[in-house]
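Engineer: entry.txt is reproduced below (compact mmCIF, C-alpha atoms).
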# COMPACT_ATOMS: atom_id res chain seq x y z
CA MET A 1 -133.48 -153.94 32.54
CA ASP A 2 -134.45 -151.84 29.59
CA ILE A 3 -132.63 -148.74 30.72
CA PRO A 4 -129.10 -150.18 30.89
CA VAL A 5 -129.53 -151.87 27.51
CA SER A 6 -130.61 -148.71 25.78
CA PHE A 7 -127.85 -146.90 27.62
CA ILE A 8 -125.29 -149.35 26.30
CA ILE A 9 -126.71 -149.04 22.78
CA SER A 10 -126.64 -145.27 22.79
CA TYR A 11 -123.16 -145.35 24.30
CA ASN A 12 -122.01 -147.67 21.54
CA ILE A 13 -123.51 -145.47 18.83
CA MET A 14 -121.92 -142.44 20.42
CA LEU A 15 -118.59 -144.24 20.62
CA SER A 16 -118.76 -145.31 16.98
CA LYS A 17 -119.49 -141.73 15.98
CA VAL A 18 -116.58 -140.48 18.04
CA MET A 19 -114.38 -143.20 16.58
CA SER A 20 -115.31 -142.30 13.02
CA ASN A 21 -114.47 -138.67 13.68
CA GLU A 22 -111.37 -139.45 15.66
CA ASN A 23 -108.10 -138.33 14.06
CA GLN A 24 -110.09 -136.95 11.18
CA HIS A 25 -107.62 -134.91 9.34
CA ILE A 26 -109.02 -132.79 6.52
CA SER A 27 -106.47 -131.91 3.87
CA SER A 28 -106.99 -128.62 2.04
CA TYR A 29 -107.67 -128.37 -1.69
CA ALA A 30 -104.69 -126.04 -2.08
CA SER A 31 -102.25 -128.58 -0.59
CA HIS A 32 -103.48 -131.22 -3.04
CA ALA A 33 -103.06 -128.81 -5.95
CA ILE A 34 -99.48 -128.00 -4.86
CA VAL A 35 -98.66 -131.71 -4.63
CA LEU A 36 -100.00 -132.19 -8.17
CA ILE A 37 -97.81 -129.36 -9.49
CA ILE A 38 -94.76 -130.94 -7.83
CA LEU A 39 -95.62 -134.31 -9.42
CA LEU A 40 -96.07 -132.74 -12.86
CA VAL A 41 -92.73 -130.94 -12.56
CA LEU A 42 -91.04 -134.21 -11.59
CA THR A 43 -92.66 -135.93 -14.60
CA THR A 44 -91.31 -133.20 -16.89
CA VAL A 45 -87.85 -133.56 -15.37
CA SER A 46 -87.85 -137.33 -15.87
CA VAL A 47 -88.91 -136.92 -19.52
CA LEU A 48 -86.15 -134.34 -20.08
CA VAL A 49 -83.46 -136.32 -18.25
CA THR A 50 -84.05 -139.43 -20.36
CA GLY A 51 -83.63 -137.28 -23.49
CA TRP A 52 -80.06 -136.46 -22.50
CA HIS A 53 -78.79 -140.04 -23.01
CA LEU A 54 -76.59 -140.27 -19.95
CA GLY A 55 -76.23 -144.02 -20.29
CA ALA A 56 -76.52 -145.94 -17.04
CA PHE A 57 -77.25 -142.70 -15.18
CA THR A 58 -80.48 -142.28 -17.17
CA VAL A 59 -81.94 -145.42 -15.60
CA ALA A 60 -80.76 -144.37 -12.15
CA ALA A 61 -82.15 -140.84 -12.57
CA ALA A 62 -85.51 -142.05 -13.91
CA LEU A 63 -85.88 -144.55 -11.06
CA LEU A 64 -84.83 -141.98 -8.48
CA ILE A 65 -87.43 -139.49 -9.74
CA ALA A 66 -90.08 -142.25 -9.83
CA SER A 67 -89.25 -143.10 -6.20
CA ILE A 68 -89.64 -139.47 -5.15
CA LYS A 69 -92.99 -139.32 -6.96
CA VAL A 70 -94.18 -142.53 -5.29
CA ARG A 71 -93.17 -141.23 -1.89
CA THR A 72 -94.99 -137.95 -2.54
CA VAL A 73 -98.21 -139.73 -3.60
CA ILE A 74 -98.12 -142.05 -0.58
CA THR A 75 -97.39 -139.24 1.89
CA TYR A 76 -99.87 -136.61 0.66
CA PHE A 77 -102.52 -138.17 -1.61
CA MET A 78 -102.80 -141.37 0.40
CA HIS A 79 -102.57 -139.30 3.60
CA LEU A 80 -99.94 -141.49 5.21
CA LYS A 81 -98.61 -138.32 6.82
CA SER A 82 -101.67 -138.13 9.10
CA GLU A 83 -101.86 -141.88 9.78
CA ASN A 84 -100.66 -143.61 12.92
CA LEU A 85 -97.10 -144.75 13.49
CA PHE A 86 -98.05 -148.43 13.16
CA LEU A 87 -99.21 -147.98 9.58
CA LYS A 88 -96.23 -145.81 8.70
CA LEU A 89 -93.87 -148.53 9.97
CA MET A 90 -95.79 -151.20 8.07
CA VAL A 91 -95.57 -149.29 4.78
CA SER A 92 -91.84 -148.64 5.26
CA GLY A 93 -91.33 -152.28 6.22
CA VAL A 94 -93.02 -153.53 3.05
CA PHE A 95 -90.83 -151.32 0.87
CA VAL A 96 -87.71 -152.53 2.70
CA LEU A 97 -88.87 -156.12 2.13
CA PHE A 98 -89.40 -155.42 -1.56
CA GLY A 99 -85.93 -153.86 -1.79
CA LEU A 100 -84.44 -156.97 -0.18
CA VAL A 101 -86.25 -159.22 -2.67
CA ILE A 102 -84.70 -157.22 -5.55
CA VAL A 103 -81.21 -157.24 -4.02
CA ILE A 104 -81.28 -160.96 -3.20
CA THR A 105 -82.57 -161.83 -6.69
CA PHE A 106 -79.72 -159.90 -8.32
CA ILE A 107 -77.14 -161.46 -6.00
CA ASP A 108 -78.48 -164.83 -7.11
CA TYR A 109 -78.48 -163.77 -10.76
CA TYR A 110 -74.90 -162.45 -10.83
CA PHE A 111 -73.17 -164.97 -8.56
CA ARG A 112 -74.89 -168.17 -9.39
CA MET B 113 -134.47 -156.25 22.43
CA SER B 114 -132.63 -158.37 19.90
CA VAL B 115 -133.91 -156.10 17.15
CA GLN B 116 -132.54 -153.11 19.00
CA GLN B 117 -129.20 -154.78 19.49
CA SER B 118 -128.77 -155.49 15.79
CA ASN B 119 -128.92 -151.75 15.24
CA ILE B 120 -125.63 -151.28 17.00
CA GLU B 121 -123.20 -150.15 14.41
CA HIS B 122 -119.99 -152.06 14.12
CA PHE B 123 -117.79 -149.62 12.42
CA ASP B 124 -114.09 -148.99 12.76
CA ARG B 125 -112.51 -146.71 10.24
CA GLU B 126 -108.93 -147.45 11.30
CA THR B 127 -109.31 -151.21 10.90
CA GLY B 128 -111.09 -150.78 7.59
CA LYS B 129 -108.24 -148.73 6.24
CA LEU B 130 -105.60 -151.07 7.65
CA GLY B 131 -107.24 -153.94 5.77
CA MET B 132 -107.09 -151.96 2.55
CA TRP B 133 -103.41 -151.16 3.05
CA ILE B 134 -102.61 -154.83 3.64
CA PHE B 135 -104.41 -155.66 0.39
CA LEU B 136 -102.37 -152.97 -1.39
CA PHE B 137 -99.17 -154.60 -0.09
CA THR B 138 -100.13 -157.82 -1.86
CA GLU B 139 -100.78 -155.80 -5.02
CA LEU B 140 -97.33 -154.27 -4.70
CA PHE B 141 -95.79 -157.73 -4.72
CA LEU B 142 -97.95 -158.85 -7.64
CA PHE B 143 -96.53 -156.06 -9.79
CA GLY B 144 -93.20 -156.25 -7.97
CA GLY B 145 -92.70 -159.78 -9.32
CA LEU B 146 -93.16 -158.47 -12.86
CA PHE B 147 -90.78 -155.58 -12.21
CA LEU B 148 -88.22 -158.09 -11.01
CA VAL B 149 -88.57 -160.22 -14.16
CA TYR B 150 -88.24 -157.02 -16.21
CA ALA B 151 -85.10 -155.98 -14.32
CA VAL B 152 -83.36 -159.34 -14.74
CA PHE B 153 -84.14 -159.63 -18.46
CA ARG B 154 -83.24 -156.01 -19.03
CA ALA B 155 -79.83 -156.71 -17.51
CA LYS B 156 -79.47 -159.79 -19.72
CA TYR B 157 -80.76 -158.36 -23.03
CA SER B 158 -80.13 -154.62 -22.69
CA GLU B 159 -79.59 -154.09 -26.45
CA ASP B 160 -82.84 -155.82 -27.42
CA PHE B 161 -84.79 -153.97 -24.74
CA HIS B 162 -83.38 -150.72 -26.08
CA THR B 163 -84.54 -151.51 -29.64
CA ALA B 164 -87.96 -152.76 -28.59
CA ALA B 165 -88.69 -149.86 -26.21
CA SER B 166 -88.08 -147.34 -28.99
CA GLU B 167 -91.23 -148.77 -30.67
CA LEU B 168 -93.34 -147.30 -27.85
CA ASN B 169 -94.83 -143.84 -28.12
CA ALA B 170 -93.41 -141.73 -25.27
CA PHE B 171 -95.92 -138.96 -25.96
CA ILE B 172 -98.93 -141.21 -25.28
CA GLY B 173 -97.14 -142.52 -22.20
CA THR B 174 -96.55 -138.99 -20.90
CA MET B 175 -100.16 -138.00 -21.59
CA ASN B 176 -101.41 -141.03 -19.66
CA THR B 177 -99.08 -140.17 -16.77
CA VAL B 178 -100.61 -136.69 -16.60
CA PHE B 179 -104.15 -138.14 -16.71
CA LEU B 180 -103.41 -140.47 -13.81
CA LEU B 181 -101.65 -137.82 -11.71
CA VAL B 182 -104.53 -135.34 -12.11
CA SER B 183 -107.08 -138.07 -11.38
CA SER B 184 -105.15 -138.98 -8.23
CA MET B 185 -105.51 -135.39 -7.09
CA THR B 186 -109.25 -135.20 -7.87
CA VAL B 187 -110.00 -138.41 -5.95
CA ALA B 188 -107.97 -137.15 -2.97
CA MET B 189 -109.86 -133.84 -3.16
CA SER B 190 -113.22 -135.65 -3.23
CA ILE B 191 -112.48 -136.98 0.27
CA THR B 192 -111.88 -133.40 1.46
CA ALA B 193 -115.16 -132.37 -0.17
CA ILE B 194 -117.11 -135.17 1.56
CA GLN B 195 -115.55 -134.28 4.92
CA ARG B 196 -116.56 -130.65 4.42
CA LYS B 197 -120.13 -131.71 3.50
CA GLN B 198 -119.73 -130.40 -0.07
CA ARG B 199 -121.64 -133.25 -1.70
CA MET B 200 -122.02 -131.74 -5.16
CA LEU B 201 -118.33 -130.94 -5.33
CA ALA B 202 -117.48 -134.49 -4.25
CA LEU B 203 -119.74 -135.85 -7.00
CA PHE B 204 -118.06 -133.57 -9.54
CA LEU B 205 -114.54 -134.58 -8.44
CA VAL B 206 -115.30 -138.32 -8.58
CA SER B 207 -116.85 -137.80 -12.03
CA VAL B 208 -113.72 -136.00 -13.25
CA THR B 209 -111.63 -138.91 -11.92
CA LEU B 210 -113.81 -141.33 -13.89
CA LEU B 211 -113.51 -139.21 -17.02
CA LEU B 212 -109.70 -139.13 -16.74
CA ALA B 213 -109.67 -142.90 -16.21
CA ALA B 214 -111.76 -143.30 -19.38
CA LEU B 215 -109.32 -141.08 -21.30
CA PHE B 216 -106.44 -143.23 -20.02
CA MET B 217 -108.18 -146.37 -21.27
CA MET B 218 -108.95 -144.74 -24.62
CA ASN B 219 -105.27 -143.90 -25.08
CA LYS B 220 -104.35 -147.44 -24.14
CA TYR B 221 -106.82 -148.75 -26.73
CA PHE B 222 -105.28 -146.64 -29.52
CA GLU B 223 -101.79 -147.57 -28.40
CA TRP B 224 -102.47 -151.29 -28.37
CA SER B 225 -104.41 -151.26 -31.65
CA HIS B 226 -101.51 -149.47 -33.33
CA LYS B 227 -99.18 -152.23 -32.08
CA PHE B 228 -101.61 -154.85 -33.37
CA GLU B 229 -101.63 -153.15 -36.79
CA LEU B 230 -97.85 -153.49 -36.84
CA LYS B 231 -98.44 -157.17 -36.04
CA LEU B 232 -96.65 -156.80 -32.72
CA TYR B 233 -99.02 -158.86 -30.65
CA PRO B 234 -98.27 -161.99 -28.60
CA GLY B 235 -98.00 -165.01 -30.84
CA SER B 236 -97.66 -163.08 -34.12
CA LEU B 237 -95.11 -164.16 -36.73
CA VAL B 238 -93.47 -160.72 -36.72
CA LEU B 239 -92.90 -160.94 -32.98
CA LYS B 240 -91.62 -164.53 -33.20
CA ASN B 241 -88.96 -163.47 -35.71
CA LEU B 242 -87.60 -160.75 -33.43
CA ASN B 243 -84.65 -161.31 -31.13
CA GLN B 244 -85.21 -163.16 -27.87
CA GLY B 245 -84.88 -159.95 -25.81
CA GLU B 246 -87.35 -157.99 -27.95
CA LEU B 247 -89.84 -160.84 -27.66
CA LEU B 248 -89.43 -160.75 -23.88
CA PHE B 249 -89.84 -156.98 -23.83
CA PHE B 250 -93.15 -157.09 -25.68
CA GLY B 251 -94.33 -160.01 -23.54
CA LEU B 252 -93.61 -157.97 -20.42
CA TYR B 253 -95.07 -154.83 -21.98
CA TYR B 254 -98.41 -156.53 -22.67
CA MET B 255 -98.45 -158.32 -19.34
CA MET B 256 -97.58 -155.25 -17.24
CA THR B 257 -99.70 -152.65 -19.05
CA GLY B 258 -102.53 -155.19 -19.44
CA LEU B 259 -102.59 -156.05 -15.75
CA HIS B 260 -102.39 -152.34 -14.97
CA ALA B 261 -105.27 -151.55 -17.35
CA LEU B 262 -107.31 -154.25 -15.61
CA HIS B 263 -106.69 -152.41 -12.34
CA VAL B 264 -107.77 -149.13 -13.96
CA PHE B 265 -110.99 -150.87 -15.01
CA VAL B 266 -111.62 -152.22 -11.48
CA GLY B 267 -110.90 -148.72 -10.13
CA MET B 268 -113.50 -147.29 -12.50
CA VAL B 269 -116.10 -149.78 -11.26
CA LEU B 270 -115.27 -148.84 -7.63
CA LEU B 271 -115.48 -145.12 -8.38
CA SER B 272 -118.85 -145.59 -10.11
CA ILE B 273 -120.19 -147.37 -7.01
CA ASN B 274 -118.95 -144.43 -4.94
CA LEU B 275 -120.68 -141.99 -7.26
CA VAL B 276 -124.03 -143.72 -6.71
CA LYS B 277 -123.50 -143.94 -2.94
CA ILE B 278 -122.51 -140.28 -2.61
CA LYS B 279 -125.61 -139.35 -4.60
CA SER B 280 -127.88 -141.39 -2.34
CA GLY B 281 -126.20 -140.08 0.80
CA ILE B 282 -124.90 -143.48 1.98
CA ILE B 283 -121.44 -141.98 1.75
CA ASN B 284 -121.54 -138.81 3.84
CA GLU B 285 -119.34 -136.72 6.13
CA ASN B 286 -119.53 -139.40 8.88
CA HIS B 287 -119.16 -142.47 6.73
CA PHE B 288 -116.80 -142.29 3.80
CA LEU B 289 -114.58 -145.31 4.35
CA LEU B 290 -115.53 -146.76 0.95
CA LEU B 291 -114.49 -143.56 -0.77
CA GLU B 292 -111.24 -143.47 1.19
CA ASN B 293 -110.41 -147.08 0.37
CA SER B 294 -111.37 -146.69 -3.28
CA GLY B 295 -109.15 -143.61 -3.30
CA LEU B 296 -106.28 -145.66 -1.86
CA TYR B 297 -106.82 -148.26 -4.59
CA TRP B 298 -106.84 -145.54 -7.23
CA HIS B 299 -103.58 -144.11 -5.90
CA LEU B 300 -102.03 -147.59 -6.14
CA VAL B 301 -102.99 -147.66 -9.83
CA ASP B 302 -101.19 -144.32 -10.13
CA LEU B 303 -98.14 -145.55 -8.17
CA ILE B 304 -97.69 -148.55 -10.44
CA TRP B 305 -97.93 -146.37 -13.51
CA ILE B 306 -95.30 -144.02 -12.05
CA PHE B 307 -92.84 -146.93 -12.25
CA LEU B 308 -94.14 -148.47 -15.48
CA PHE B 309 -93.89 -145.21 -17.40
CA PRO B 310 -90.10 -144.61 -17.17
CA LEU B 311 -89.26 -148.33 -17.36
CA LEU B 312 -91.24 -149.00 -20.54
CA TYR B 313 -91.50 -145.67 -22.34
CA LEU B 314 -88.58 -143.49 -21.31
CA ILE B 315 -85.49 -145.63 -20.81
CA THR B 316 -84.82 -146.52 -24.42
Using structure tokens, write down the structure that the file contains.

Structural biologist:
Amino acid sequence: MDIPVSFIISYNIMLSKVMSNENQHISSYASHAIVLIILLVLTTVSVLVTGWHLGAFTVAAALLIASIKVRTVITYFMHLKSENLFLKLMVSGVFVLFGLVIVITFIDYYFR
Amino acid sequence: MSVQQSNIEHFDRETGKLGMWIFLFTELFLFGGLFLVYAVFRAKYSEDFHTAASELNAFIGTMNTVFLLVSSMTVAMSITAIQRKQRMLALFLVSVTLLLAALFMMNKYFEWSHKFELKLYPGSLVLKNLNQGELLFFGLYYMMTGLHALHVFVGMVLLSINLVKIKSGIINENHFLLLENSGLYWHLVDLIWIFLFPLLYLIT
């Protein structure tokens, strides 16, 4: 009686250890540093672009750069790149949903 | 036997992270609602928003952006350090993240107190006499940066807890879910600032 129980326990512990190490992707320090440099360059660009006073394009450019930055942070710093497909789809889905909320609100605002 | 059984570890890293992501989605919509209000009023009162936004100091905004970007990198690196069993380095990186967060908050303090000196705080007579759009801009400015600063504060508390747990070895190369999830939270704080910064400080 005792043997199977302890076997099950040790199996469970082993499994949990395997699980915690499963898909363990270790990102290098260098890759993080490169991502930071890219983000700082993008920040500089967005500061410069808004100084040019391009009118409506300024807003579009600033938001486009911000979107690229957000995507970069999510992919590399938040390690979405090494996550499973399910999570990737969920994250994309939430952003699509948020986009729809914005679009529908503006449709309501302009055509009411 | 029952004592032995309670020692079985119930631990699932994937589920733990999924839960955190779902929480972050709700955070996205919390700030998303404010972004939406901003967008609609900006479309309605573009002139007033232009005037009011020029009151903000773009230099402080840029400095805070750099602080948050660097801190995002250090917290991401601390996870690498923990995985590679470099405990001291992980402690150092989390400490640097905390320091940068403190610098961000300090900047925010100076920025807000300068606005208060100019009597541009919610409910002030100066603000009440401004145009409707400018009033809305400052309302949104305080609400958005205030809610964001609250998140920075919560992030600092989380990072401090991580610091203690890394020190005591509770967070180690096998168990670092708390650090990962706190890191995810910290990146969210960064993500929100990435949008707040151009919308409030740059597009004038």

Engineer: Quick one: residues within 12 Å of region 266-268 of chain B, all atoms listed in the file counted, chain neighbours fewer than 5 positions away excluded, as a VMD selection string?

Structural biologist: chain B and resid 180 183 to 184 187 206 to 217 259 to 261 273 to 275 291 293 to 302

Engineer: Any chance you could export the current selection's C-alpha atoms as a short mmCIF file (atom, residue, chain, number, x, y, z; two decimals), in the frame of the given file?

Structural biologist:
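Below you can see selection-v3.cif, which holds the result:
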data_model
loop_
_atom_site.label_atom_id
_atom_site.label_comp_id
_atom_site.auth_asym_id
_atom_site.auth_seq_id
_atom_site.Cartn_x
_atom_site.Cartn_y
_atom_site.Cartn_z
CA LEU B 180 -103.41 -140.47 -13.81
CA SER B 183 -107.08 -138.07 -11.38
CA SER B 184 -105.15 -138.98 -8.23
CA VAL B 187 -110.00 -138.41 -5.95
CA VAL B 206 -115.30 -138.32 -8.58
CA SER B 207 -116.85 -137.80 -12.03
CA VAL B 208 -113.72 -136.00 -13.25
CA THR B 209 -111.63 -138.91 -11.92
CA LEU B 210 -113.81 -141.33 -13.89
CA LEU B 211 -113.51 -139.21 -17.02
CA LEU B 212 -109.70 -139.13 -16.74
CA ALA B 213 -109.67 -142.90 -16.21
CA ALA B 214 -111.76 -143.30 -19.38
CA LEU B 215 -109.32 -141.08 -21.30
CA PHE B 216 -106.44 -143.23 -20.02
CA MET B 217 -108.18 -146.37 -21.27
CA LEU B 259 -102.59 -156.05 -15.75
CA HIS B 260 -102.39 -152.34 -14.97
CA ALA B 261 -105.27 -151.55 -17.35
CA ILE B 273 -120.19 -147.37 -7.01
CA ASN B 274 -118.95 -144.43 -4.94
CA LEU B 275 -120.68 -141.99 -7.26
CA LEU B 291 -114.49 -143.56 -0.77
CA ASN B 293 -110.41 -147.08 0.37
CA SER B 294 -111.37 -146.69 -3.28
CA GLY B 295 -109.15 -143.61 -3.30
CA LEU B 296 -106.28 -145.66 -1.86
CA TYR B 297 -106.82 -148.26 -4.59
CA TRP B 298 -106.84 -145.54 -7.23
CA HIS B 299 -103.58 -144.11 -5.90
CA LEU B 300 -102.03 -147.59 -6.14
CA VAL B 301 -102.99 -147.66 -9.83
CA ASP B 302 -101.19 -144.32 -10.13
#

Engineer: Counting all atoms listed in the file, which residues of chain A sit at most 6 Å from some atom of chain B, and what is each one's closest atom pair with its distance in Å to one decimal, listed by chain and rising residue number, as a tab-separated table?

Structural biologist:
residue	atom	partner	partner_atom	distance
A:Ser20	CA	B:Arg125	CA	5.9
A:Ile26	CA	B:Thr192	CA	5.8
A:Ala66	CA	B:Ile306	CA	5.9
A:Val70	CA	B:Leu303	CA	5.8
A:Phe77	CA	B:Ala188	CA	5.7
A:Met78	CA	B:Leu296	CA	6.0

Engineer: Which residues come within 8 Å of region 228-241 of chain B, counting all atoms listed in the file, excluding same-chain residues fewer than 5 positions away, as a list in words?

Structural biologist: Leu247, Phe250 and Gly251 of chain B

Engineer: Env of Leu48 (chain A): 12 Å cut, atoms = all atoms listed in the file, seq-sep filter 2 positions within chain, self excluded. Answer as a PyMOL selection string.

Structural biologist: (chain A and resi 41-46+50-54+58+61-62+65) or (chain B and resi 170+174+310+314-315)

Engineer: Work out how far apart CA of Leu271 (chain B) and CA of Phe179 (chain B) are and give it in Å to one decimal.

Structural biologist: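 CA of Leu271 (chain B) sits 15.7 Å away from CA of Phe179 (chain B).
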
Engineer: Which residues come within 7 Å of Ile278 (chain B), counting only C-alpha atoms, excluding same-chain residues fewer than 5 positions away, as a PDB file with C-alpha atoms, keeping the file's coordinate frame?

Structural biologist:
ATOM      1  CA  LEU B 203    -119.740-135.850  -7.000  1.00  0.00           C
ATOM      2  CA  ILE B 283    -121.440-141.980   1.750  1.00  0.00           C
ATOM      3  CA  ASN B 284    -121.540-138.810   3.840  1.00  0.00           C
TER       4      ASN B 284
END

Engineer: Can you measure CA of Leu87 (chain A) to CA of Thr75 (chain A) for me? One decimal in Å is fine.

Structural biologist: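 CA of Thr75 (chain A) lies 11.8 Å from CA of Leu87 (chain A).
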
Engineer: In terms of the shortest atom-to-atom distance over all atoms listed in the file, which of B:Gly258, B:Asn176, B:Ala202, B:Phe249 is closest to Val276 (chain B)?

Structural biologist: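 Under the stated criterion, the closest residue is B:Ala202.
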
Engineer: Expressed in Å to a single decimal, how great is the separation between CA of Leu146 (chain B) and CA of Val96 (chain A)?

Structural biologist: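 Straight-line distance from CA of Leu146 (chain B) to CA of Val96 (chain A) works out to 17.5 Å.
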
Engineer: Centre and edge lengths of an axis-aligned box around all listed atoms of region 74-81 of chain A, with 8 Å added on each side, are to be given in Å to one decimal, as lines of an AutoDock Vina configuration file.

Structural biologist:
center_x = -100.1
center_y = -139.3
center_z = 2.6
size_x = 21.4
size_y = 21.4
size_z = 24.4
